[in-house]
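One structure below.
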Amino acid sequence: MRVLALGGAGAMGAEAVRTAVRLPGVAEIVVADRDYSAADALAREVSNIGAPVSPRKVDVTDRQELYAALDGVDVVLNTVGPYYRFGLTVLRAAIETGTHYLDICDDWEPTLQMLELDAEAAEAGVCAIVGMGASPGVSNLLAARAVRELDSVVDVYTAWPVEGPGAGSADDADAQLTGPDGRPSAAAVHWMQQISGTVAVVRDGQIAQEAPLRAVSLSLPGGRSGTAYTVGHPEPVTLRRTLRPSGDSANLMVITPGTAAYLDVLRTDIDKGRLTNETAAADLASPSLRRGVRSMARAAKFKSPGTLPPFFAAAMGIKDGQRYTALAHLGDDTGDGTGLASLTSDMARATGIPLALGLSQIVDGAAVRAGVHPPDAVVDPDRFFHDLAATVGGDGSGTSVVVELERAGGAA
């Protein structure tokens, strides 16, 4: 298959390309980016690894350039964000050109809009997988593994780290918040969008909208407990379709009280019109003294993450007539802190590698089902986690996912 890596010279797109170039069945990769020099540099970097790679200049806001780039390719990896601006545009173009599609969309609003294109994609014979990154993506597949342990599902939560163990270094965080041009990154702008206004969650099995940064206290298997905070993400709205929880579902940030308080200050100022998403993202990259003082006054109302894992999915439900909690999190095949459990210390790899592994299941036909789908609807989780373990640094024979089951009130 010929692959178009749209936005492929960016941090997450480049990691996807570095993995995809080695996949069986990938005949060629075109790295398409508005920064041609960056695309050319990446193409040169991976030129002798596997499939042929070539650069191409593409600006997704230019309809002619976008459609010309899609002409003659079989599948597009779309890493152009933020997705509330560009997701629908690229997916519509893929459907109209008959091109299979994967992205790392982490905005819940365009996710719902893209899922509404399911019938059009099915008619065109296009398989589109929306949100095939870390969160969403790996988180969806962890949730699917947790739910497999239960007879029926009540609540489902997915969570990712903002700081602390598994969240990366300060330099990593700065790189994720600021682009090469010094402006806020698309990821940072997205984050401000999803900690302000209202976000989608599931309440009593139905989609609801509420203010973000709501505290969710959890008691998980293995004596793990703590509090995490809601953030806007696609998982609740997509897991409602696939796993059908009868109770609640939300995406959570595992975050320290101080950082949660600073985000709360930014949320207040965005909602009052004092900041845009872009200016709030710039403030987050270089925190202001005035907002820092305001956040100190709020920190006491936020609770600690305690002993919660940094990246996990948890499902509460019924098994054999009793209430159980199932916890799924990444294992560590190496035992030295460099394996799967530490993958989220580099969010570019944690997002780009899963995107490429999702591609692998389209390339060989395993996940090809016409329509628009969240990852857990079409991607085989067992194969995915095996491939993830092998790609990150092992041979795939170790424990890539740890699933723990505990009955309410005691161990299983």
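By convention in this document, the chains of the structure tokens carry letters A, B, ... by their order, each chain's residues are numbered from 1, and ligands are numbered from 1 in the order they are shown.
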
Which polymer residues have any atom within 8 Å of an atom of Val147 (chain A), counting only C-alpha atoms, with same-chain residues fewer than 6 positions away left out, as number ranges by chain?
A: 153, 243, 315, 326

Which residues are close to region 50-54 of chain A, i.e. within 10 Å by only C-alpha atoms, leaving aside same-chain residues fewer than 6 positions away? Reply as a VMD selection string.
chain A and resid 2 to 4 17 to 32 39 to 44

Report as number ranges by chain: the residues of region 11-114 of chain A with a DSSP assignment of helix (DSSP H, G or I), based on the backbone of this structure.
A: 11-20, 36-45, 63-70, 83-97, 108-114

Write out as a PyMOL selection string the residues lying within 12 Å of Pro110 (chain A), counting only C-alpha atoms and excluding same-chain residues fewer than 5 positions away.
chain A and resi 81-91+103-105+115-117+130-131+190+200+232-234+237-238

Applying 7 Å and only C-alpha atoms, which residues near Val231 (chain A) remain after dropping the ones on its own chain fewer than 6 positions away? List them as a list in words.
Gln194, Ile195, Val199, Pro212, Leu213, Asn251, Leu252 and Met253 of chain A

Selection above as a file: C-alpha atoms, as an mmCIF file, in the first residue's frame:
```
data_model
loop_
_atom_site.group_PDB
_atom_site.id
_atom_site.type_symbol
_atom_site.label_atom_id
_atom_site.label_comp_id
_atom_site.auth_asym_id
_atom_site.auth_seq_id
_atom_site.Cartn_x
_atom_site.Cartn_y
_atom_site.Cartn_z
ATOM 1 C CA GLN A 194 -10.598 20.708 26.427
ATOM 2 C CA ILE A 195 -10.160 22.234 29.911
ATOM 3 C CA VAL A 199 -16.848 18.691 27.879
ATOM 4 C CA PRO A 212 -14.158 20.016 33.086
ATOM 5 C CA LEU A 213 -11.787 19.489 36.028
ATOM 6 C CA ASN A 251 -11.459 10.717 30.476
ATOM 7 C CA LEU A 252 -9.229 11.772 33.353
ATOM 8 C CA MET A 253 -5.965 13.577 33.963
#
```

If we count only C-alpha atoms, what is near Ala408 (chain A) at a cut-off of 12 Å, once residues fewer than 2 positions away on the same chain are taken out, given as number ranges by chain?
A: 219-221, 223, 316-319, 321-326, 405-406, 410-412

Only N, CA and C atoms, please: the residues just picked out, written as a compact mmCIF listing (two decimals), in the first residue's frame.
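Dumped to again.txt:
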```
# COMPACT_ATOMS: atom_id res chain seq x y z
N SER A 219 -10.94 3.83 43.64
CA SER A 219 -10.25 2.78 44.37
C SER A 219 -10.09 1.61 43.41
N LEU A 220 -8.84 1.27 43.11
CA LEU A 220 -8.55 0.30 42.06
C LEU A 220 -7.87 -0.94 42.65
N PRO A 221 -7.84 -2.04 41.90
CA PRO A 221 -7.16 -3.25 42.36
C PRO A 221 -5.72 -2.99 42.78
N GLY A 223 -4.80 -2.11 45.79
CA GLY A 223 -4.71 -1.08 46.81
C GLY A 223 -4.42 0.30 46.27
N MET A 316 -15.80 -0.79 35.95
CA MET A 316 -16.54 -1.32 37.09
C MET A 316 -17.82 -1.96 36.57
N GLY A 317 -18.13 -3.16 37.07
CA GLY A 317 -19.32 -3.83 36.58
C GLY A 317 -19.61 -5.09 37.34
N ILE A 318 -20.30 -6.01 36.68
CA ILE A 318 -20.78 -7.23 37.31
C ILE A 318 -20.10 -8.44 36.69
N LYS A 319 -19.66 -9.37 37.55
CA LYS A 319 -19.12 -10.65 37.13
C LYS A 319 -19.66 -11.71 38.09
N GLY A 321 -22.53 -12.22 39.08
CA GLY A 321 -23.51 -11.68 40.00
C GLY A 321 -22.97 -10.76 41.07
N GLN A 322 -21.66 -10.46 41.05
CA GLN A 322 -21.06 -9.60 42.06
C GLN A 322 -20.35 -8.42 41.38
N ARG A 323 -20.17 -7.36 42.16
CA ARG A 323 -19.51 -6.16 41.62
C ARG A 323 -18.00 -6.34 41.64
N TYR A 324 -17.37 -6.00 40.51
CA TYR A 324 -15.92 -6.10 40.37
C TYR A 324 -15.38 -4.82 39.73
N THR A 325 -14.10 -4.60 39.94
CA THR A 325 -13.36 -3.57 39.21
C THR A 325 -12.22 -4.23 38.45
N ALA A 326 -12.10 -3.92 37.19
CA ALA A 326 -11.01 -4.42 36.35
C ALA A 326 -10.12 -3.26 35.97
N LEU A 405 -8.10 -7.84 38.43
CA LEU A 405 -9.53 -7.93 38.72
C LEU A 405 -9.71 -8.05 40.23
N GLU A 406 -10.62 -7.26 40.78
CA GLU A 406 -10.83 -7.30 42.22
C GLU A 406 -12.32 -7.12 42.53
N GLY A 410 -12.96 -6.79 48.36
CA GLY A 410 -11.91 -7.79 48.55
C GLY A 410 -11.35 -8.27 47.26
N ALA A 411 -10.22 -8.98 47.28
CA ALA A 411 -9.55 -9.47 46.07
C ALA A 411 -10.32 -10.61 45.44
N ALA A 412 -10.15 -10.72 44.13
CA ALA A 412 -10.80 -11.83 43.40
C ALA A 412 -10.06 -13.12 43.66
```

All residues 8 Å or closer to Trp160 (chain A), only C-alpha atoms, same chain fewer than 6 positions away omitted, as a list in words
Ser135, Leu252, Met253, Val254, Pro310, Phe311 and Phe312 of chain A

Please identify which residues in region 68-300 of chain A DSSP calls strand (DSSP E) from the backbone, and express them as a ChimeraX atom specification.
/A:75-78,100-103,127-129,152-161,199-203,206-210,215-220,224-230,249-254

With only C-alpha atoms as the counted atoms, please give the residues lying no more than 12 Å from Ala187 (chain A), apart from itself and same-chain residues fewer than 4 positions off, as a ChimeraX atom specification.
/A:10-12,79-84,104-107,173-179,183,191-194,277-278,281-282,284-285,347-348,351

Print the selection's residues with N, CA, C and O atoms to a file, as a compact mmCIF listing (two decimals), in the first residue's frame.
```txt
# COMPACT_ATOMS: atom_id res chain seq x y z
N GLY A 10 5.86 16.49 11.60
CA GLY A 10 5.69 16.89 12.98
C GLY A 10 6.16 15.81 13.93
O GLY A 10 6.48 14.69 13.52
N ALA A 11 6.19 16.11 15.23
CA ALA A 11 6.76 15.19 16.20
C ALA A 11 6.05 13.84 16.19
O ALA A 11 6.69 12.79 16.14
N MET A 12 4.73 13.85 16.23
CA MET A 12 3.98 12.59 16.30
C MET A 12 3.92 11.91 14.94
O MET A 12 4.04 10.69 14.83
N THR A 79 -2.01 13.54 10.92
CA THR A 79 -1.56 14.04 12.22
C THR A 79 -1.58 15.57 12.25
O THR A 79 -0.84 16.19 13.01
N VAL A 80 -2.44 16.17 11.45
CA VAL A 80 -2.56 17.63 11.40
C VAL A 80 -3.60 18.07 12.43
O VAL A 80 -4.77 17.73 12.33
N GLY A 81 -3.17 18.82 13.41
CA GLY A 81 -4.08 19.31 14.43
C GLY A 81 -4.05 20.83 14.49
O GLY A 81 -3.25 21.48 13.81
N PRO A 82 -4.93 21.42 15.31
CA PRO A 82 -5.93 20.72 16.14
C PRO A 82 -7.08 20.20 15.30
O PRO A 82 -7.46 20.80 14.29
N TYR A 83 -7.65 19.09 15.75
CA TYR A 83 -8.65 18.40 14.94
C TYR A 83 -10.00 19.10 14.91
O TYR A 83 -10.80 18.87 13.99
N TYR A 84 -10.27 19.95 15.88
CA TYR A 84 -11.53 20.70 15.80
C TYR A 84 -11.48 21.72 14.67
O TYR A 84 -12.51 22.27 14.29
N ILE A 104 -5.11 10.78 14.88
CA ILE A 104 -4.88 10.76 16.32
C ILE A 104 -5.76 11.82 16.98
O ILE A 104 -5.37 12.44 17.97
N CYS A 105 -6.96 12.02 16.44
CA CYS A 105 -7.87 13.07 16.92
C CYS A 105 -8.16 12.88 18.40
O CYS A 105 -8.65 11.84 18.83
N ASP A 106 -7.89 13.92 19.18
CA ASP A 106 -8.16 13.87 20.61
C ASP A 106 -9.15 14.95 21.05
O ASP A 106 -9.20 15.32 22.23
N ASP A 107 -9.94 15.46 20.12
CA ASP A 107 -11.03 16.39 20.43
C ASP A 107 -12.35 15.65 20.33
O ASP A 107 -12.62 15.00 19.30
N ALA A 173 7.99 18.33 28.32
CA ALA A 173 6.76 19.10 28.43
C ALA A 173 6.85 20.39 27.64
O ALA A 173 5.91 20.78 26.94
N ASP A 174 7.99 21.11 27.75
CA ASP A 174 8.16 22.36 27.01
C ASP A 174 8.06 22.11 25.51
O ASP A 174 7.46 22.90 24.77
N ALA A 175 8.67 21.01 25.05
CA ALA A 175 8.64 20.70 23.62
C ALA A 175 7.22 20.41 23.14
O ALA A 175 6.87 20.73 22.00
N GLN A 176 6.41 19.82 24.00
CA GLN A 176 5.04 19.52 23.62
C GLN A 176 4.16 20.75 23.63
O GLN A 176 3.16 20.81 22.93
N LEU A 177 4.51 21.76 24.43
CA LEU A 177 3.69 22.97 24.53
C LEU A 177 4.04 24.01 23.49
O LEU A 177 3.21 24.86 23.16
N THR A 178 5.27 23.98 22.96
CA THR A 178 5.74 25.01 22.04
C THR A 178 6.27 24.37 20.77
O THR A 178 7.04 23.41 20.82
N GLY A 179 5.87 24.91 19.63
CA GLY A 179 6.33 24.40 18.35
C GLY A 179 7.69 24.94 17.98
O GLY A 179 8.24 25.81 18.67
N ARG A 183 5.68 29.32 18.71
CA ARG A 183 4.27 29.50 19.03
C ARG A 183 3.72 28.26 19.74
O ARG A 183 4.30 27.18 19.65
N TRP A 191 -5.38 21.27 24.29
CA TRP A 191 -5.54 21.07 25.73
C TRP A 191 -6.37 22.20 26.34
O TRP A 191 -7.27 21.97 27.16
N MET A 192 -6.10 23.44 25.92
CA MET A 192 -6.87 24.57 26.45
C MET A 192 -8.33 24.50 26.02
O MET A 192 -9.23 24.85 26.79
N GLN A 193 -8.57 24.01 24.81
CA GLN A 193 -9.94 23.80 24.35
C GLN A 193 -10.67 22.82 25.24
O GLN A 193 -11.86 22.97 25.53
N GLN A 194 -9.95 21.81 25.71
CA GLN A 194 -10.60 20.71 26.43
C GLN A 194 -10.59 20.86 27.95
O GLN A 194 -11.11 19.98 28.66
N ASN A 277 -7.79 30.25 23.38
CA ASN A 277 -7.07 28.98 23.53
C ASN A 277 -5.58 29.17 23.25
O ASN A 277 -4.73 28.58 23.93
N GLU A 278 -5.28 29.99 22.25
CA GLU A 278 -3.88 30.21 21.87
C GLU A 278 -3.12 30.98 22.95
O GLU A 278 -1.99 30.61 23.29
N ALA A 281 -2.58 28.80 25.95
CA ALA A 281 -1.52 27.82 25.72
C ALA A 281 -0.15 28.47 25.86
O ALA A 281 0.79 27.88 26.40
N ALA A 282 -0.01 29.72 25.39
CA ALA A 282 1.25 30.44 25.54
C ALA A 282 1.54 30.70 27.01
O ALA A 282 2.68 30.59 27.46
N LEU A 284 0.53 28.86 29.49
CA LEU A 284 0.89 27.58 30.11
C LEU A 284 2.36 27.24 29.86
O LEU A 284 3.04 26.71 30.74
N ALA A 285 2.85 27.56 28.66
CA ALA A 285 4.25 27.29 28.35
C ALA A 285 5.18 28.19 29.15
O ALA A 285 6.28 27.78 29.54
N MET A 347 5.52 11.53 24.65
CA MET A 347 4.19 11.48 24.06
C MET A 347 4.21 11.42 22.54
O MET A 347 3.26 10.97 21.92
N ALA A 348 5.30 11.87 21.92
CA ALA A 348 5.38 11.74 20.46
C ALA A 348 5.44 10.27 20.07
O ALA A 348 4.71 9.82 19.19
N THR A 351 2.20 8.32 20.92
CA THR A 351 1.09 8.60 20.00
C THR A 351 1.38 8.11 18.59
O THR A 351 0.53 7.50 17.94
```

Name the closest residue to Gln361 (chain A) among the candidates A:Arg291, A:Asp346, A:Ala211, A:His100; distances are taken between atoms, counting only C-alpha atoms.
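Counting only C-alpha atoms, the residue closest to Gln361 (chain A) is A:His100.
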
Point-to-point distance in Å for CA of Ala367 (chain A) and CA of Leu388 (chain A)
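These atoms are spaced 16.2 Å apart.
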
Please report the interatomic distance between CA of Glu15 (chain A) and CA of Asp62 (chain A) in Å with one decimal.
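These two atoms are separated by 24.9 Å.
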
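Of the residues under consideration (A:Val76, A:Ala143, A:Val162, A:Cys127), A:Val162 shows the shortest atom-to-atom contact distance to Gly258 (chain A) when counting only C-alpha atoms.
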
Pick from A:Gly222, A:Pro375, A:Gly358, A:Gly306, whichever lies nearest to Val402 (chain A) using only C-alpha atoms:
A:Gly222
